[in-house]
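Next comes query.txt, a file with compact mmCIF, C-alpha atoms.
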```
# COMPACT_ATOMS: atom_id res chain seq x y z
CA MET X 675 0.00 0.00 0.00
CA LYS X 676 1.42 3.36 -1.01
CA ALA X 677 1.54 6.37 1.28
CA SER X 678 -0.55 9.29 0.10
CA SER X 679 2.54 11.45 -0.23
CA PRO X 680 6.31 10.74 -0.25
CA THR X 681 6.85 11.84 3.31
CA ASP X 682 3.63 10.57 4.95
CA MET X 683 5.39 7.47 6.21
CA TRP X 684 9.06 8.39 6.45
CA LYS X 685 11.13 11.48 6.77
CA ILE X 686 14.11 11.54 4.42
CA GLY X 687 17.53 12.00 5.98
CA PHE X 688 21.06 12.59 4.74
CA HIS X 689 24.52 11.66 6.01
CA THR X 690 27.28 14.17 6.77
CA TRP X 691 29.69 11.70 5.10
CA SER X 692 28.45 13.20 1.83
CA PHE X 693 30.22 16.38 2.98
CA ALA X 694 33.28 14.65 4.43
CA SER X 695 35.64 17.33 3.08
CA MET X 696 33.98 20.01 5.26
CA PRO X 697 34.09 20.69 9.00
CA LEU X 698 31.05 19.33 10.80
CA GLU X 699 29.11 22.55 11.36
CA GLU X 700 29.59 23.54 7.72
CA ALA X 701 28.50 20.07 6.58
CA LEU X 702 25.33 20.35 8.66
CA LYS X 703 24.47 23.67 7.05
CA HIS X 704 24.87 22.12 3.60
CA VAL X 705 22.66 19.17 4.55
CA ARG X 706 19.95 21.57 5.74
CA ASN X 707 20.29 23.84 2.69
CA ALA X 708 19.75 20.82 0.45
CA GLY X 709 16.31 20.43 2.02
CA PHE X 710 16.79 17.78 4.71
CA THR X 711 15.57 18.02 8.30
CA GLU X 712 17.02 14.66 9.47
CA VAL X 713 20.73 13.88 9.57
CA GLU X 714 23.11 11.07 10.45
CA ILE X 715 26.47 12.39 11.63
CA THR X 716 29.56 10.42 10.76
CA ALA X 717 32.15 9.89 13.48
CA ASP X 718 35.00 8.05 11.79
CA LYS X 719 38.15 10.16 12.14
CA ILE X 720 36.08 13.19 11.09
CA HIS X 721 33.04 15.17 12.28
CA LEU X 722 31.79 13.72 15.62
CA ASP X 723 34.55 11.18 16.31
CA PRO X 724 35.63 11.71 19.96
CA ARG X 725 39.21 11.32 18.76
CA VAL X 726 38.93 14.56 16.76
CA PHE X 727 35.84 16.41 18.10
CA PRO X 728 36.35 17.99 21.53
CA ARG X 729 33.71 17.25 24.16
CA SER X 730 33.69 20.94 25.08
CA SER X 731 32.23 21.77 21.63
CA LEU X 732 29.13 19.60 22.09
CA PRO X 733 26.90 22.36 23.57
CA GLN X 734 27.66 24.59 20.57
CA LEU X 735 26.92 21.69 18.20
CA LYS X 736 23.57 21.14 19.87
CA ARG X 737 22.75 24.85 19.45
CA THR X 738 23.75 24.70 15.77
CA LEU X 739 21.45 21.73 15.17
CA ASN X 740 18.59 23.51 16.91
CA ASP X 741 19.19 26.75 15.01
CA LEU X 742 19.21 24.89 11.70
CA GLY X 743 16.06 22.94 12.54
CA LEU X 744 18.06 19.77 11.87
CA HIS X 745 17.32 16.66 13.93
CA PRO X 746 20.25 14.30 14.64
CA ASN X 747 18.45 11.02 13.99
CA SER X 748 21.63 8.98 14.31
CA VAL X 749 25.39 9.00 14.62
CA HIS X 750 27.61 6.47 12.88
CA ALA X 751 30.16 5.20 15.38
CA PRO X 752 33.89 5.14 14.52
CA ILE X 753 35.04 2.35 12.17
CA ASN X 754 38.78 2.74 11.64
CA GLY X 755 40.72 1.34 14.55
CA VAL X 756 37.55 -0.23 15.98
CA ASP X 757 36.97 -3.99 16.03
CA LEU X 758 34.48 -5.50 18.45
CA SER X 759 35.43 -9.02 17.38
CA ALA X 760 39.20 -8.62 17.58
CA GLN X 761 41.21 -11.46 19.09
CA SER X 762 43.14 -8.94 21.20
CA SER X 763 41.24 -8.02 24.38
CA TYR X 764 43.14 -4.72 24.34
CA VAL X 765 41.76 -3.82 20.89
CA ARG X 766 38.25 -4.88 21.93
CA ASN X 767 38.39 -2.86 25.14
CA CYS X 768 39.70 0.23 23.34
CA SER X 769 36.89 -0.18 20.81
CA ILE X 770 34.28 -0.51 23.54
CA ASP X 771 35.66 2.58 25.28
CA LEU X 772 35.56 4.67 22.09
CA ILE X 773 32.01 3.60 21.28
CA GLY X 774 31.07 4.40 24.88
CA LYS X 775 32.41 7.93 24.47
CA THR X 776 30.46 8.27 21.23
CA LEU X 777 27.31 7.21 23.08
CA GLU X 778 27.98 9.99 25.58
CA TYR X 779 28.24 12.45 22.69
CA CYS X 780 24.88 11.23 21.37
CA ARG X 781 23.31 11.81 24.77
CA VAL X 782 24.53 15.40 24.96
CA ILE X 783 23.12 16.35 21.53
CA ASP X 784 19.87 14.38 22.05
CA CYS X 785 20.60 11.89 19.28
CA PRO X 786 18.49 8.74 19.85
CA ILE X 787 20.47 6.16 17.82
CA LEU X 788 24.12 5.15 17.48
CA VAL X 789 24.90 2.90 14.50
CA ILE X 790 27.72 0.42 15.08
CA HIS X 791 29.53 -2.29 13.12
CA PRO X 792 29.52 -5.65 14.94
CA ASN X 793 33.07 -6.36 13.78
CA HIS X 794 35.82 -5.31 11.38
CA SER X 795 37.11 -7.08 8.28
CA GLU X 796 40.51 -7.44 9.99
CA SER X 797 38.98 -10.20 12.14
CA LEU X 798 37.94 -12.36 9.18
CA PRO X 799 40.84 -14.82 9.73
CA LEU X 800 39.36 -15.67 13.14
CA GLY X 801 36.38 -17.40 11.56
CA ARG X 802 32.65 -16.84 12.00
CA GLU X 803 32.22 -18.47 15.40
CA THR X 804 35.02 -16.52 17.07
CA MET X 805 33.82 -13.30 15.46
CA LYS X 806 30.33 -14.04 16.75
CA ARG X 807 31.46 -14.82 20.30
CA ASN X 808 33.71 -11.75 20.57
CA SER X 809 31.08 -9.43 19.06
CA ILE X 810 28.40 -10.60 21.48
CA GLU X 811 30.72 -10.18 24.46
CA ALA X 812 31.67 -6.64 23.40
CA ILE X 813 28.15 -5.53 22.45
CA ARG X 814 26.84 -6.78 25.80
CA LYS X 815 29.11 -4.22 27.50
CA ILE X 816 28.13 -1.49 25.04
CA ALA X 817 24.44 -2.21 25.61
CA GLU X 818 24.90 -1.63 29.35
CA LYS X 819 26.29 1.82 28.59
CA ALA X 820 23.49 2.49 26.10
CA GLU X 821 20.84 1.64 28.69
CA GLU X 822 22.53 3.89 31.24
CA LEU X 823 22.50 6.83 28.81
CA GLY X 824 19.15 6.13 27.12
CA VAL X 825 20.64 5.95 23.61
CA ARG X 826 19.67 3.03 21.37
CA ILE X 827 22.21 0.96 19.42
CA ALA X 828 21.48 -0.07 15.82
CA ILE X 829 23.78 -2.84 14.58
CA GLU X 830 24.56 -2.63 10.87
CA ASN X 831 24.63 -5.58 8.48
CA MET X 832 28.15 -6.01 7.08
CA ILE X 833 29.63 -6.70 3.65
CA ASP X 834 30.04 -10.46 3.29
CA LYS X 835 30.96 -11.03 -0.33
CA GLU X 836 32.85 -14.27 0.37
CA GLY X 837 30.32 -15.70 2.80
CA GLY X 838 32.75 -15.99 5.72
CA ARG X 839 31.93 -12.94 7.81
CA PHE X 840 29.56 -13.03 10.74
CA GLY X 841 27.08 -10.16 10.69
CA GLY X 842 26.33 -9.95 6.98
CA ARG X 843 22.78 -11.22 7.37
CA VAL X 844 19.88 -9.99 9.45
CA SER X 845 19.50 -13.41 11.08
CA GLU X 846 23.02 -13.05 12.48
CA LEU X 847 22.35 -9.58 13.84
CA LYS X 848 19.24 -10.97 15.54
CA GLU X 849 21.43 -13.67 17.11
CA ILE X 850 23.49 -10.91 18.72
CA ILE X 851 20.41 -9.01 19.87
CA LYS X 852 18.75 -12.08 21.39
CA SER X 853 21.97 -13.27 23.02
CA VAL X 854 22.51 -9.91 24.71
CA GLY X 855 18.84 -9.47 25.56
CA SER X 856 18.83 -5.68 25.76
CA PRO X 857 15.83 -3.62 24.59
CA TYR X 858 18.37 -1.00 23.50
CA LEU X 859 19.63 -3.13 20.60
CA GLY X 860 18.16 -3.04 17.10
CA ILE X 861 19.22 -3.07 13.45
CA CYS X 862 20.40 -0.50 10.92
CA PHE X 863 19.71 -2.10 7.55
CA ASP X 864 22.24 -1.18 4.86
CA THR X 865 20.80 -1.71 1.37
CA GLY X 866 24.15 -1.53 -0.40
CA HIS X 867 25.77 -4.12 1.86
CA ALA X 868 22.81 -6.47 1.39
CA ASN X 869 23.17 -6.12 -2.39
CA LEU X 870 26.69 -7.60 -2.11
CA LEU X 871 25.70 -10.85 -0.40
CA PRO X 872 27.03 -13.85 -2.35
CA ASP X 873 23.87 -15.92 -1.87
CA SER X 874 21.56 -15.18 -4.80
CA GLU X 875 18.65 -16.72 -2.86
CA THR X 876 18.86 -14.00 -0.20
CA SER X 877 16.76 -11.01 -1.29
CA ILE X 878 16.98 -7.50 0.09
CA GLY X 879 13.23 -7.50 0.61
CA GLY X 880 13.41 -10.75 2.54
CA GLU X 881 16.17 -9.41 4.76
CA ILE X 882 14.12 -6.31 5.55
CA LEU X 883 11.12 -8.42 6.54
CA LYS X 884 13.33 -10.61 8.76
CA ALA X 885 14.46 -7.50 10.64
CA GLY X 886 10.85 -6.79 11.61
CA GLU X 887 10.46 -5.03 14.93
CA TYR X 888 14.23 -4.64 15.28
CA LEU X 889 14.48 -2.40 12.21
CA TRP X 890 15.29 1.01 13.67
CA SER X 891 17.34 2.76 11.01
CA LEU X 892 18.48 2.56 7.38
CA HIS X 893 21.52 3.23 5.24
CA ILE X 894 20.10 3.86 1.78
CA HIS X 895 22.55 3.65 -1.13
CA ASP X 896 23.08 1.72 -4.37
CA ASN X 897 25.83 -0.26 -6.09
CA ASP X 898 26.47 -2.62 -9.00
CA GLY X 899 26.40 -5.80 -6.93
CA GLU X 900 30.20 -6.00 -7.07
CA LYS X 901 31.60 -3.05 -5.12
CA ASP X 902 30.42 -0.96 -2.16
CA LEU X 903 29.99 2.24 -4.17
CA HIS X 904 27.54 4.22 -1.99
CA LYS X 905 25.80 5.74 -5.00
CA PRO X 906 22.39 7.44 -4.96
CA PRO X 907 19.46 5.02 -5.26
CA GLY X 908 18.64 4.18 -8.85
CA MET X 909 22.26 4.34 -9.98
CA GLY X 910 22.99 0.66 -9.39
CA SER X 911 21.34 -2.74 -9.53
CA ILE X 912 19.07 -2.63 -6.46
CA ASP X 913 15.34 -3.15 -7.03
CA TRP X 914 14.00 -0.16 -5.13
CA SER X 915 10.37 -1.13 -5.58
CA GLN X 916 11.16 -4.28 -3.57
CA VAL X 917 12.99 -2.27 -0.90
CA ILE X 918 10.21 0.25 -0.39
CA GLU X 919 7.38 -2.28 -0.52
CA SER X 920 9.21 -4.45 2.04
CA LEU X 921 9.76 -1.48 4.34
CA ARG X 922 6.04 -0.78 4.23
CA LYS X 923 5.19 -4.43 4.94
CA ALA X 924 7.62 -4.37 7.88
CA ASP X 925 5.83 -1.27 9.25
CA TYR X 926 9.11 0.60 9.33
CA ASP X 927 8.55 3.95 11.06
CA GLY X 928 12.07 5.40 11.11
CA VAL X 929 13.95 7.74 8.79
CA PHE X 930 14.76 6.98 5.13
CA MET X 931 18.43 7.76 5.77
CA MET X 932 20.70 8.11 2.74
CA GLU X 933 24.39 7.27 3.12
CA ILE X 934 26.03 8.53 -0.08
CA GLN X 935 29.76 8.95 -0.71
CA GLU X 936 30.93 12.47 -1.49
CA ARG X 937 31.43 12.93 -5.23
CA GLY X 938 31.67 15.92 -7.52
CA ASN X 939 29.63 18.86 -6.27
CA PRO X 940 28.19 17.58 -2.97
CA ASP X 941 25.43 20.20 -2.90
CA VAL X 942 24.15 19.15 -6.30
CA GLN X 943 24.35 15.49 -5.31
CA ALA X 944 22.45 16.10 -2.06
CA ARG X 945 19.61 17.93 -3.78
CA GLU X 946 19.43 15.23 -6.44
CA CYS X 947 19.29 12.53 -3.76
CA LEU X 948 16.34 14.24 -2.10
CA ARG X 949 14.54 14.48 -5.45
CA ILE X 950 15.20 10.80 -6.20
CA ALA X 951 14.03 9.67 -2.76
CA MET X 952 10.81 11.69 -2.91
CA GLU X 953 10.09 10.37 -6.40
CA MET X 954 10.69 6.75 -5.33
CA LEU X 955 8.57 7.02 -2.20
CA SER X 956 5.67 8.47 -4.17
CA LYS X 957 6.01 5.88 -6.95
CA TYR X 958 6.22 2.65 -4.98
```
Give the structure from this file in structure tokens form.
Amino acid sequence: MKASSPTDMWKIGFHTWSFASMPLEEALKHVRNAGFTEVEITADKIHLDPRVFPRSSLPQLKRTLNDLGLHPNSVHAPINGVDLSAQSSYVRNCSIDLIGKTLEYCRVIDCPILVIHPNHSESLPLGRETMKRNSIEAIRKIAEKAEELGVRIAIENMIDKEGGRFGGRVSELKEIIKSVGSPYLGICFDTGHANLLPDSETSIGGEILKAGEYLWSLHIHDNDGEKDLHKPPGMGSIDWSQVIESLRKADYDGVFMMEIQERGNPDVQARECLRIAMEMLSKY
């Protein structure tokens, strides 16, 4: 069933990663000027990463968001140097600590969701079972911090082109969630990552429906089925009618958050992404 207008069911959001070359406050202004009112802030060595963004600047950031009328729907936790499934307990503990600090940042700016990766590709040699065990152990500790702060954690489905990485499928993310047992754990479904799964029998629509009540956030982007290109929807091989119809069937009530890599003129790209999203949501 179609919504009566493109934004009846979902607000459309945009990622500051599309303006990665700019300082955070400038990137936020460009996101708002492109027509968006919802934003996901990247925190991987740029923008809101506690390793580069001083805690003392958080009150000013919150004022900027309020002044712009821009709601921080989500923050993407640091990726580089972070591995929740690492064999080294030191690496895991440092990763947990950094994600904990990012959760604190979310709390200060009233951001309700932190998106995290359950593991890093560097842990692939450990094998699926070890990755799973280490991820669950680490995310259990992170969930305790999330509950304390009142910020929800959305675990993102990973790229699993070779079929050996734990966390590439929604069923595996649900294993983590059920093992930890925290109401503060859900799923951020990444359309581009799902399009790279090696199993041709696994459909994006089916994965969305499996997420069900745990589906809290999205990373909307497209690719050719071969590389993680983070292109605007419609510029790759994803069947967007299937994506949108499945989101409706799943009763998804979050933000249609676009995670597009910065290319060319980022302002032009952002405005075009909004146009494409509105057109798709009204069509399907």
Review point. Pick from X:Leu847, X:Met931, X:Ile773, X:Leu870: nearest to Gly910 (chain X), with only C-alpha atoms counted?
Key: X:Leu870
Review point. Got a sec: who's within 7 Å of region 904-906 of chain X, counting all atoms listed in the file, leaving out chain neighbours fewer than 5 positions off, as a list in words?
Key: Gly866, His895, Asp896, Asn897, Glu933, Ile934, Gln935 and Cys947 of chain X
Review point. If we count only C-alpha atoms, what is near region 713-719 of chain X at a cut-off of 7 Å, once residues fewer than 4 positions away on the same chain are taken out, given as a count of residues only?
Key: 19
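Interatomic distance, CA of Ala817 (chain X) against CA of Leu698 (chain X): 27.0 Å.
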Contacts of Ser891 (chain X) within 8 Å, only C-alpha atoms, excl. fewer than 6 positions in-chain, as a compact mmCIF listing (two decimals) with C-alpha atoms, in the frame of the given file:
```
# COMPACT_ATOMS: atom_id res chain seq x y z
CA ALA X 828 21.48 -0.07 15.82
CA ILE X 861 19.22 -3.07 13.45
CA CYS X 862 20.40 -0.50 10.92
CA PHE X 863 19.71 -2.10 7.55
CA GLY X 928 12.07 5.40 11.11
CA VAL X 929 13.95 7.74 8.79
CA PHE X 930 14.76 6.98 5.13
CA MET X 931 18.43 7.76 5.77
```
Practice item. Excluding Asp873 (chain X) and any residue of its chain fewer than 3 positions from it, enumerate the residues within 9 Å of it, using all atoms listed in the file, and give them as a ChimeraX atom specification. Key: /X:835,837,870,876-877
Practice item. Select, counting only C-alpha atoms, all protein, DNA and RNA residues no farther than 12 Å from (17.9, -5.3, 25.3) in file coordinates, and express the selection as a PyMOL selection string. Key: chain X and resi 813-822+824-828+848+850-860+888
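Counting from CA of Cys768 (chain X), the distance to CA of Gly755 (chain X) is 8.9 Å.
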Near region 728-738 of chain X, 9 Å: region 747-834 of chain X residue rows, closest pairs, all atoms listed in the file, as a Markdown table:
```
| residue | atom | partner | partner_atom | distance |
| --- | --- | --- | --- | --- |
| X:Tyr779 | CA | X:Leu732 | CA | 7.2 |
| X:Val782 | CA | X:Leu732 | CA | 6.9 |
| X:Ile783 | CA | X:Lys736 | CA | 5.1 |
| X:Asp784 | CA | X:Lys736 | CA | 8.0 |
```
